[in-house]
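Below is the file start-v3.csv, which contains CSV, C-alpha atoms.
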chain,number,residue,atom,x,y,z
A,1,MET,CA,95.8,92.9,203.9
A,2,LYS,CA,92.3,94.1,204.0
A,3,LEU,CA,89.6,91.6,205.0
A,4,ILE,CA,85.9,91.9,204.2
A,5,ILE,CA,83.7,89.7,206.3
A,6,ILE,CA,80.4,89.0,204.6
A,7,ILE,CA,77.4,87.9,206.6
A,8,PRO,CA,74.3,86.7,204.6
A,9,ALA,CA,71.2,87.4,206.6
A,10,TYR,CA,67.5,86.8,206.2
A,11,ASN,CA,65.4,87.5,209.4
A,12,GLU,CA,68.4,86.9,211.7
A,13,ALA,CA,67.7,89.8,214.2
A,14,LYS,CA,67.9,87.4,217.2
A,15,THR,CA,71.4,86.2,216.6
A,16,ILE,CA,73.3,88.5,214.2
A,17,ALA,CA,74.4,91.1,216.8
A,18,ARG,CA,76.3,88.3,218.7
A,19,VAL,CA,78.0,87.2,215.5
A,20,ILE,CA,79.1,90.7,214.5
A,21,ARG,CA,80.3,91.6,218.0
A,22,GLY,CA,82.1,88.3,218.3
A,23,ILE,CA,84.4,88.9,215.3
A,24,PRO,CA,88.0,89.4,216.7
A,25,SER,CA,89.3,92.9,216.8
A,26,ALA,CA,92.8,91.7,215.8
A,27,ILE,CA,93.4,89.0,213.2
A,28,PRO,CA,96.9,87.9,212.3
A,29,GLY,CA,97.8,89.0,208.7
A,30,VAL,CA,95.0,91.5,208.6
A,31,ALA,CA,95.7,95.2,208.8
A,32,GLU,CA,92.1,96.4,208.1
A,33,LYS,CA,88.7,94.8,208.1
A,34,GLU,CA,85.1,95.6,207.4
A,35,VAL,CA,82.0,93.7,208.4
A,36,VAL,CA,79.2,93.8,205.8
A,37,VAL,CA,75.8,92.3,206.3
A,38,ILE,CA,74.0,91.3,203.1
A,39,ASN,CA,70.3,91.6,204.0
A,40,ASP,CA,68.2,89.5,201.7
A,41,GLY,CA,64.8,91.1,202.1
A,42,SER,CA,64.4,90.6,205.8
A,43,PHE,CA,61.2,91.8,207.4
A,44,ASP,CA,62.3,91.7,211.0
A,45,ASP,CA,64.9,94.0,212.7
A,46,THR,CA,68.0,92.5,211.0
A,47,VAL,CA,69.1,95.8,209.4
A,48,LYS,CA,68.6,97.9,212.6
A,49,VAL,CA,70.3,95.3,214.9
A,50,SER,CA,73.2,94.8,212.4
A,51,ARG,CA,73.9,98.6,212.2
A,52,GLU,CA,73.7,99.0,216.0
A,53,ALA,CA,76.2,96.1,216.4
A,54,GLY,CA,78.7,98.0,214.1
A,55,ALA,CA,78.3,96.4,210.7
A,56,GLN,CA,77.6,98.0,207.4
A,57,VAL,CA,74.4,96.8,205.7
A,58,VAL,CA,73.6,96.2,202.0
A,59,SER,CA,70.0,95.2,201.4
A,60,HIS,CA,68.0,93.5,198.7
A,61,SER,CA,64.5,94.8,198.3
A,62,LYS,CA,63.1,91.3,198.4
A,63,ASN,CA,64.4,87.8,199.1
A,64,LEU,CA,66.5,86.7,196.2
A,65,GLY,CA,68.2,83.6,197.5
A,66,LEU,CA,71.6,82.7,199.0
A,67,GLY,CA,73.3,82.4,195.6
A,68,VAL,CA,72.4,86.0,194.8
A,69,VAL,CA,73.5,87.1,198.3
A,70,PHE,CA,76.9,85.6,197.7
A,71,SER,CA,77.3,87.3,194.3
A,72,THR,CA,76.4,90.6,196.0
A,73,GLY,CA,79.0,89.8,198.7
A,74,ILE,CA,81.7,89.3,196.0
A,75,LYS,CA,80.8,92.7,194.4
A,76,GLU,CA,81.0,94.4,197.8
A,77,ALA,CA,84.3,92.8,198.7
A,78,LEU,CA,85.9,93.9,195.4
A,79,SER,CA,84.4,97.4,195.4
A,80,ARG,CA,85.7,97.9,199.0
A,81,LYS,CA,89.2,96.9,197.8
A,82,GLY,CA,89.4,93.7,199.8
A,83,ASP,CA,92.3,91.4,199.6
A,84,LEU,CA,90.4,88.6,201.4
A,85,MET,CA,86.7,87.8,201.9
A,86,VAL,CA,85.3,85.6,204.6
A,87,THR,CA,81.7,84.4,204.7
A,88,ILE,CA,80.1,83.4,208.0
A,89,ASP,CA,76.5,82.5,208.8
A,90,ALA,CA,74.4,84.8,210.9
A,91,ASP,CA,73.0,82.2,213.3
A,92,GLY,CA,76.1,81.9,215.5
A,93,GLN,CA,76.9,78.3,214.7
A,94,PHE,CA,80.6,79.0,213.9
A,95,ASP,CA,83.5,79.9,216.2
A,96,HIS,CA,84.8,83.4,215.4
A,97,SER,CA,88.3,82.4,216.4
A,98,ASP,CA,88.4,80.1,213.3
A,99,ILE,CA,88.5,83.1,211.0
A,100,SER,CA,92.3,83.4,211.5
A,101,LYS,CA,92.6,79.6,210.7
A,102,LEU,CA,90.7,80.1,207.5
A,103,ILE,CA,92.6,83.0,206.1
A,104,GLN,CA,96.2,81.9,207.0
A,105,PRO,CA,96.6,79.5,204.0
A,106,ILE,CA,95.7,82.5,201.7
A,107,VAL,CA,97.9,84.9,203.6
A,108,ASN,CA,100.8,82.4,203.3
A,109,SER,CA,100.0,82.0,199.5
A,110,GLU,CA,99.2,78.3,200.0
A,111,ALA,CA,95.6,78.5,198.7
A,112,ASP,CA,93.1,80.6,196.8
A,113,VAL,CA,90.1,79.4,198.7
A,114,VAL,CA,89.8,77.8,202.1
A,115,LEU,CA,86.8,75.7,203.0
A,116,GLY,CA,85.7,75.4,206.6
A,117,SER,CA,85.0,71.7,207.3
A,118,ARG,CA,82.7,70.5,210.0
A,119,PHE,CA,83.5,66.8,209.3
A,120,MET,CA,87.3,66.6,209.1
A,121,THR,CA,87.3,66.0,212.8
A,122,SER,CA,84.4,65.2,215.0
A,123,SER,CA,82.8,68.1,216.9
A,124,PRO,CA,81.0,67.1,220.1
A,125,ARG,CA,78.5,70.0,219.6
A,126,LEU,CA,77.7,69.0,216.0
A,127,LYS,CA,74.7,66.7,216.6
A,128,MET,CA,73.2,66.9,213.1
A,129,PRO,CA,70.3,64.6,212.2
A,130,ALA,CA,71.4,61.4,210.4
A,131,ILE,CA,69.5,62.3,207.2
A,132,LYS,CA,71.4,65.6,206.9
A,133,LEU,CA,74.7,64.1,207.8
A,134,ILE,CA,74.3,61.3,205.2
A,135,GLY,CA,73.2,63.9,202.6
A,136,ASN,CA,76.3,66.0,203.3
A,137,GLN,CA,78.6,63.0,203.0
A,138,LEU,CA,77.0,61.9,199.7
A,139,MET,CA,77.2,65.4,198.2
A,140,SER,CA,80.9,65.7,199.3
A,141,LYS,CA,81.7,62.3,197.7
A,142,PHE,CA,80.0,63.4,194.5
A,143,ILE,CA,81.8,66.8,194.3
A,144,SER,CA,85.1,65.1,195.2
A,145,MET,CA,84.6,62.6,192.3
A,146,VAL,CA,83.8,65.4,189.8
A,147,CYS,CA,86.7,67.6,190.9
A,148,GLY,CA,89.3,64.9,191.5
A,149,GLN,CA,90.0,66.2,194.9
A,150,LYS,CA,88.9,64.9,198.3
A,151,PHE,CA,86.5,67.1,200.2
A,152,PHE,CA,84.9,66.4,203.5
A,153,ASP,CA,82.3,69.2,203.6
A,154,VAL,CA,81.1,71.0,200.5
A,155,SER,CA,78.0,72.6,202.1
A,156,CYS,CA,79.5,74.7,204.8
A,157,GLY,CA,79.2,78.5,204.3
A,158,PHE,CA,82.2,79.4,206.6
A,159,ARG,CA,84.9,80.1,204.0
A,160,ALA,CA,87.8,82.4,203.0
A,161,TYR,CA,88.5,83.6,199.5
A,162,SER,CA,91.5,85.4,198.0
A,163,LYS,CA,91.1,88.4,195.7
A,164,GLU,CA,92.1,86.2,192.8
A,165,ALA,CA,89.3,83.7,193.6
A,166,LEU,CA,86.8,86.6,193.8
A,167,LEU,CA,87.9,87.9,190.4
A,168,ASN,CA,87.5,84.4,188.9
A,169,LEU,CA,84.1,83.6,190.3
A,170,ASN,CA,81.0,83.9,188.2
A,171,ILE,CA,78.1,82.3,190.0
A,172,PHE,CA,74.7,81.7,188.4
A,173,GLY,CA,72.7,79.7,191.0
A,174,LYS,CA,70.2,81.7,193.0
A,175,PHE,CA,69.2,79.1,195.6
A,176,THR,CA,72.7,78.4,197.0
A,177,TYR,CA,76.3,78.7,196.0
A,178,THR,CA,78.4,76.3,198.1
A,179,GLN,CA,78.9,73.4,195.7
A,180,GLU,CA,78.9,75.6,192.6
A,181,VAL,CA,81.9,77.7,193.9
A,182,ILE,CA,84.0,74.5,194.4
A,183,LEU,CA,83.2,73.2,191.0
A,184,ASN,CA,83.7,76.6,189.3
A,185,LEU,CA,87.1,77.3,190.9
A,186,SER,CA,88.3,73.7,190.7
A,187,PHE,CA,87.7,73.7,186.9
A,188,LYS,CA,89.7,76.9,186.7
A,189,ASN,CA,92.6,75.2,188.5
A,190,LEU,CA,92.6,77.4,191.5
A,191,THR,CA,93.9,75.9,194.7
A,192,ILE,CA,91.2,74.9,197.2
A,193,LYS,CA,92.2,73.8,200.7
A,194,GLU,CA,90.0,72.5,203.6
A,195,VAL,CA,90.6,73.1,207.3
A,196,PRO,CA,88.7,71.7,210.3
A,197,ILE,CA,86.5,74.2,212.1
A,198,SER,CA,84.2,74.1,215.2
A,199,ALA,CA,80.5,74.3,214.7
A,200,GLU,CA,77.4,73.9,216.8
A,201,TYR,CA,74.1,72.6,215.4
A,202,PHE,CA,70.9,74.1,216.7
A,203,PRO,CA,68.0,71.5,216.4
A,204,GLU,CA,65.3,74.1,217.1
A,205,ARG,CA,66.4,76.3,214.2
A,206,VAL,CA,64.8,75.8,210.8
A,207,SER,CA,67.3,76.6,208.0
A,208,TYR,CA,65.9,78.6,205.1
A,209,ILE,CA,68.2,76.6,202.8
A,210,THR,CA,68.0,73.1,204.2
A,211,GLY,CA,64.7,73.3,206.0
A,212,ASN,CA,63.0,71.6,203.0
A,213,LEU,CA,65.4,68.8,202.4
A,214,LYS,CA,63.8,67.7,199.1
A,215,LYS,CA,63.9,71.2,197.7
A,216,TYR,CA,67.5,71.7,198.9
A,217,VAL,CA,68.7,68.4,197.2
A,218,PHE,CA,66.8,69.2,194.0
A,219,ASN,CA,68.1,72.7,193.6
A,220,SER,CA,71.6,71.8,194.6
A,221,LEU,CA,71.7,69.0,192.1
A,222,LYS,CA,70.3,71.3,189.4
A,223,ILE,CA,73.1,73.8,190.0
A,224,ILE,CA,75.8,71.1,190.0
A,225,PHE,CA,74.3,69.6,186.8
A,226,ARG,CA,74.5,72.9,185.0
A,227,THR,CA,78.0,73.6,186.2
A,228,VAL,CA,79.3,70.2,185.1
A,229,LEU,CA,77.6,70.8,181.7
A,230,ASP,CA,79.3,74.2,181.4
A,231,TYR,CA,82.8,72.9,182.2
A,232,LEU,CA,82.8,69.2,181.1
A,233,PRO,CA,80.3,69.0,178.2
A,234,LEU,CA,82.3,66.6,176.0
A,235,ARG,CA,82.9,64.2,178.9
A,236,PHE,CA,79.2,64.3,179.9
A,237,PHE,CA,77.6,64.0,176.5
A,238,GLY,CA,80.4,61.8,175.2
A,239,LEU,CA,79.9,59.2,178.0
A,240,LEU,CA,76.2,59.4,177.7
A,241,GLY,CA,76.4,58.9,173.9
A,242,LEU,CA,78.8,56.0,174.4
A,243,VAL,CA,76.3,54.2,176.6
A,244,PHE,CA,73.5,54.5,174.0
A,245,PHE,CA,75.8,53.6,171.2
A,246,LEU,CA,77.1,50.5,172.9
A,247,ALA,CA,73.5,49.4,173.9
A,248,GLY,CA,72.6,49.7,170.2
A,249,LEU,CA,75.7,47.8,169.2
A,250,VAL,CA,74.7,44.9,171.4
A,251,LEU,CA,71.4,44.7,169.6
A,252,ASP,CA,73.2,45.1,166.2
A,253,ILE,CA,75.4,42.1,167.1
A,254,ILE,CA,72.3,40.1,168.1
A,255,MET,CA,70.6,40.8,164.8
A,256,ILE,CA,73.8,39.9,162.8
A,257,SER,CA,74.1,36.6,164.7
A,258,ILE,CA,70.4,35.9,164.0
A,259,PHE,CA,70.9,36.6,160.3
A,260,TRP,CA,74.0,34.5,160.2
A,261,LYS,CA,72.2,31.5,161.6
A,262,THR,CA,68.8,31.9,159.8
A,263,GLY,CA,69.6,34.0,156.7
A,264,GLN,CA,66.8,36.4,157.6
A,265,PHE,CA,66.0,39.2,160.1
A,266,SER,CA,62.3,38.2,160.7
A,267,PRO,CA,60.7,38.2,163.1
A,268,TYR,CA,63.2,40.3,164.9
A,269,LYS,CA,63.4,43.4,162.6
A,270,SER,CA,62.2,45.7,165.4
A,271,VAL,CA,65.2,44.7,167.5
A,272,GLY,CA,67.5,45.8,164.7
A,273,VAL,CA,65.6,49.0,164.1
A,274,PHE,CA,65.8,49.8,167.8
A,275,GLY,CA,69.5,49.1,167.8
A,276,LEU,CA,70.1,51.5,164.9
A,277,VAL,CA,68.0,54.2,166.7
A,278,LEU,CA,70.2,53.8,169.7
A,279,ASN,CA,73.4,54.0,167.6
A,280,ALA,CA,72.1,57.2,165.9
A,281,PHE,CA,71.1,58.7,169.2
A,282,GLY,CA,74.5,57.9,170.7
A,283,LEU,CA,76.3,59.6,167.8
A,284,ILE,CA,74.0,62.6,168.0
A,285,LEU,CA,74.9,63.0,171.7
A,286,PHE,CA,78.5,62.8,170.9
A,287,VAL,CA,78.1,65.6,168.2
A,288,VAL,CA,76.2,67.7,170.8
A,289,GLY,CA,79.2,67.2,173.1
A,290,LEU,CA,81.6,68.4,170.5
A,291,VAL,CA,79.5,71.5,169.8
A,292,ALA,CA,79.1,72.2,173.5
A,293,ASP,CA,82.8,71.8,174.0
A,294,MET,CA,83.4,74.4,171.3
A,295,LEU,CA,80.9,76.7,173.0
A,296,GLY,CA,82.7,76.0,176.3
A,297,ARG,CA,85.9,77.4,174.8
A,298,ILE,CA,84.0,80.6,173.9
A,299,ARG,CA,82.6,80.8,177.4
A,300,HIS,CA,86.1,80.3,178.8
A,301,ASN,CA,87.4,83.2,176.7
A,302,GLN,CA,84.4,85.3,177.8
A,303,GLU,CA,85.2,84.5,181.5
A,304,ARG,CA,88.8,85.6,181.0
A,305,ILE,CA,87.6,88.9,179.5
A,306,ILE,CA,85.3,89.4,182.5
A,307,TYR,CA,88.2,88.6,184.8
A,308,PHE,CA,90.4,91.3,183.3
A,309,GLN,CA,87.4,93.7,183.3
A,310,LYS,CA,86.8,93.1,186.9
A,311,LYS,CA,90.5,93.4,187.7
A,312,GLU,CA,90.6,96.8,185.9
A,313,LEU,CA,87.4,98.0,187.5
A,314,TYR,CA,88.4,97.2,191.1
A,315,LYS,CA,92.1,98.0,190.6
A,316,LYS,CA,93.7,99.6,193.6

Turn the structure described in the file into structure tokens.
Amino acid sequence: MKLIIIIPAYNEAKTIARVIRGIPSAIPGVAEKEVVVINDGSFDDTVKVSREAGAQVVSHSKNLGLGVVFSTGIKEALSRKGDLMVTIDADGQFDHSDISKLIQPIVNSEADVVLGSRFMTSSPRLKMPAIKLIGNQLMSKFISMVCGQKFFDVSCGFRAYSKEALLNLNIFGKFTYTQEVILNLSFKNLTIKEVPISAEYFPERVSYITGNLKKYVFNSLKIIFRTVLDYLPLRFFGLLGLVFFLAGLVLDIIMISIFWKTGQFSPYKSVGVFGLVLNAFGLILFVVGLVADMLGRIRHNQERIIYFQKKELYKK
């Protein structure tokens, strides 16, 4: 099998050479491999250092975001006829020897995607600040609930993908991709597996993605929200509509009971009107869910067409 190792990079000249040179020369199950650095508009010596270390470099003219970098990585892996793709960070926090652990479930046809997990087992070197650790855990619980599958780490960028997964992926988020990928492929019924990996946290390093925690949380939730709307519109709008309709129904019952006792609606007419407004709004949301669900089936068919187009385009 041919493995394409994708390294996203933005001003990583200090560490990227060590990452490239540390990739094992022989990996079980891999007959051929290529290392490709996706340079996201770096203005330091990232490109020069990467090429000197033996990697091929694909550059964006300006900084476009990790989500766009990942999409570029998918295109590169497919155009280079890769059977497998591994993404690894350029800062050196991951252990290169774990690459073989990541790809083995795919090589053995046990999974389509393998997530590296920093939290399945405790790592003595992973001394992450409490706020980031709690944030990761909460995000993992939320994604697990939506997907119906237990995940320990949904934010780690050290992962392996089969060719089938790459052909199925259509990512729209620009800021990041880690959670969107899990949701996207989970809703498409691809098999996702998680394996424990070693990782080292560098307190002095400011992440371009999680450095601003508020921005990271906001953008991640926005991507997740859009993905859930794309794949579960009826459930989302239906449940939301049900909440409003039931709230209105409570007010309706109150008004009926008042009328039953007094024979009139006054002086509580506004309560009844508000109840009817909530009923109507709930029904409107349900109708929106039905329409979105129909549009979702159209989107599903479009994605299947794109899948076969990709398959034909990158056919060996």

- Query: Using only C-alpha atoms, which of the listed residues (A:Ala17, A:Ile134, A:Met255, A:Val287) sits closest to A:Val273?
  - Reply: A:Met255

- Task: Would you kindly return, as a ChimeraX atom specification, each protein, DNA or RNA residue with an atom no farther than 10 Å from any atom of A:Gly116, considering all atoms listed in the file and excluding same-chain residues fewer than 6 positions away?
- Result: /A:88,94,98-99,101-102,152-160,193-199

- Message: Neighbouring residues of A:Ser61 were defined as those with any atom within 9 Å, considering only C-alpha atoms; residues of the same chain fewer than 2 positions away were excluded. Please report them as a list in words.
- Response: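 The residues that qualify are Asn39, Asp40, Gly41, Ser42, Ser59, Asn63 and Leu64 of chain A.
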
Any chance you could tabulate, as a Markdown table, the residues of stretch 253-311 of chain A at most 12 Å from stretch 173-189 of chain A with each one's nearest atom pair and distance in Å to one decimal, using only C-alpha atoms, in chain and rising number order?
| residue | atom | partner | partner_atom | distance |
| --- | --- | --- | --- | --- |
| A:Gly296 | CA | A:Phe187 | CA | 11.9 |
| A:His300 | CA | A:Lys188 | CA | 9.3 |
| A:Glu303 | CA | A:Lys188 | CA | 10.2 |
| A:Arg304 | CA | A:Lys188 | CA | 10.4 |
| A:Tyr307 | CA | A:Lys188 | CA | 11.9 |

- Atom pair atom CA of A:Phe151 + atom CA of A:Lys214, distance 22.7 Å

Would you give me, as a tab-separated table, each residue of stretch 92-197 of chain A having an atom within 12 Å of an atom of stretch 73-78 of chain A, along with its shortest atom pair and that distance in Å to one decimal, using only C-alpha atoms and sorting by chain and residue number?
residue	atom	partner	partner_atom	distance
A:Ala160	CA	A:Ile74	CA	11.6
A:Tyr161	CA	A:Ile74	CA	9.5
A:Ser162	CA	A:Ala77	CA	10.3
A:Lys163	CA	A:Leu78	CA	7.6
A:Glu164	CA	A:Leu78	CA	10.2
A:Ala165	CA	A:Ile74	CA	9.7
A:Leu166	CA	A:Ile74	CA	6.2
A:Leu167	CA	A:Leu78	CA	8.1
A:Asn168	CA	A:Ile74	CA	10.4
A:Leu169	CA	A:Ile74	CA	8.4
A:Asn170	CA	A:Ile74	CA	9.5
A:Ile171	CA	A:Ile74	CA	9.9
A:Tyr177	CA	A:Gly73	CA	11.7
A:Val181	CA	A:Ile74	CA	11.8

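For the choices A:Ser79, A:Thr262, A:Asn136, A:Gln56, the atom-to-atom distance to A:Glu34 is smallest for A:Gln56 when using all atoms listed in the file.
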
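Each of A:Phe172, A:Tyr314, A:Phe286, A:Phe70 was checked against A:Ile224 using all atoms listed in the file; the smallest atom-to-atom distance is that of A:Phe172.
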
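The coordinates place atom CA of A:Asp83 at 10.5 Å from atom CA of A:Ala31.
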
- Nearest residue to A:Phe274 from the set A:Thr46, A:Leu249, A:Ser257, A:Glu12 (distances using all atoms listed in the file):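 Comparing A:Thr46, A:Leu249, A:Ser257, A:Glu12 against A:Phe274, the winner is A:Leu249.
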
- Message: Taking 6 positions as the minimum chain separation for residues in the same chain, which residues sit within 8 Å of A:Pro233 when counting only C-alpha atoms? Answer as a list of chain:residue names.
- Response: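 Answer for this query is A:Gly289, A:Leu290, A:Ala292, A:Asp293, A:Gly296.
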
Selected residues written out, C-alpha atoms, as a PDB file, keeping the file's coordinate frame:
ATOM      1  CA  GLY A 289      79.200  67.200 173.100  1.00  0.00           C
ATOM      2  CA  LEU A 290      81.600  68.400 170.500  1.00  0.00           C
ATOM      3  CA  ALA A 292      79.100  72.200 173.500  1.00  0.00           C
ATOM      4  CA  ASP A 293      82.800  71.800 174.000  1.00  0.00           C
ATOM      5  CA  GLY A 296      82.700  76.000 176.300  1.00  0.00           C
TER       6      GLY A 296
END

- Query: So what do you get for atom CA of A:Ala280 versus atom CA of A:Arg297, distance-wise?
  - Reply: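 Computing it gives 26.0 Å between the two atoms.
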
- Message: I need the residue nearest A:Met85 from this list: A:Lys33, A:Ser140, A:Ile306, A:Met128. Use only C-alpha atoms for the distance.
- Response: A:Lys33

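Using only C-alpha atoms, the smallest distance between any of A:Leu66, A:Ile5, A:Leu234, A:Leu229 and A:Val291 comes from A:Leu234.
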
Please rebuild stretch 147-166 of chain A with N, CA and C atoms and return the result as a short mmCIF file (atom, residue, chain, number, x, y, z; two decimals), keeping the file's coordinate frame.
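So the final result, stored in out-v3.cif, reads:
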data_model
loop_
_atom_site.label_atom_id
_atom_site.label_comp_id
_atom_site.auth_asym_id
_atom_site.auth_seq_id
_atom_site.Cartn_x
_atom_site.Cartn_y
_atom_site.Cartn_z
N CYS A 147 85.53 66.70 190.87
CA CYS A 147 86.70 67.60 190.90
C CYS A 147 88.03 66.87 190.94
N GLY A 148 88.01 65.60 191.34
CA GLY A 148 89.30 64.90 191.50
C GLY A 148 90.06 65.27 192.69
N GLN A 149 89.38 65.78 193.70
CA GLN A 149 90.00 66.20 194.90
C GLN A 149 89.12 65.83 196.11
N LYS A 150 89.69 65.31 197.18
CA LYS A 150 88.90 64.90 198.30
C LYS A 150 88.41 66.06 199.14
N PHE A 151 87.09 66.12 199.33
CA PHE A 151 86.50 67.10 200.20
C PHE A 151 85.62 66.42 201.24
N PHE A 152 85.65 66.96 202.45
CA PHE A 152 84.90 66.40 203.50
C PHE A 152 83.52 67.13 203.74
N ASP A 153 83.51 68.42 203.39
CA ASP A 153 82.30 69.20 203.60
C ASP A 153 82.18 70.29 202.54
N VAL A 154 81.22 70.06 201.64
CA VAL A 154 81.10 71.00 200.50
C VAL A 154 79.85 71.90 200.68
N SER A 155 79.21 71.83 201.83
CA SER A 155 78.00 72.60 202.10
C SER A 155 78.15 73.70 203.12
N CYS A 156 79.30 73.76 203.76
CA CYS A 156 79.50 74.70 204.80
C CYS A 156 79.74 76.13 204.22
N GLY A 157 79.09 77.14 204.82
CA GLY A 157 79.20 78.50 204.30
C GLY A 157 80.32 79.33 204.95
N PHE A 158 81.06 78.74 205.88
CA PHE A 158 82.20 79.40 206.60
C PHE A 158 83.43 79.21 205.77
N ARG A 159 83.82 80.22 204.96
CA ARG A 159 84.90 80.10 204.00
C ARG A 159 85.72 81.34 203.88
N ALA A 160 86.92 81.21 203.30
CA ALA A 160 87.80 82.40 203.00
C ALA A 160 88.16 82.34 201.53
N TYR A 161 88.20 83.53 200.92
CA TYR A 161 88.50 83.60 199.50
C TYR A 161 89.58 84.70 199.29
N SER A 162 90.52 84.42 198.40
CA SER A 162 91.50 85.40 198.00
C SER A 162 90.87 86.35 196.98
N LYS A 163 91.54 87.46 196.72
CA LYS A 163 91.10 88.40 195.70
C LYS A 163 91.06 87.72 194.34
N GLU A 164 92.05 86.88 194.07
CA GLU A 164 92.10 86.20 192.80
C GLU A 164 90.92 85.27 192.60
N ALA A 165 90.50 84.60 193.68
CA ALA A 165 89.30 83.70 193.60
C ALA A 165 88.07 84.56 193.31
N LEU A 166 87.94 85.70 193.97
CA LEU A 166 86.80 86.60 193.80
C LEU A 166 86.69 87.08 192.34
#
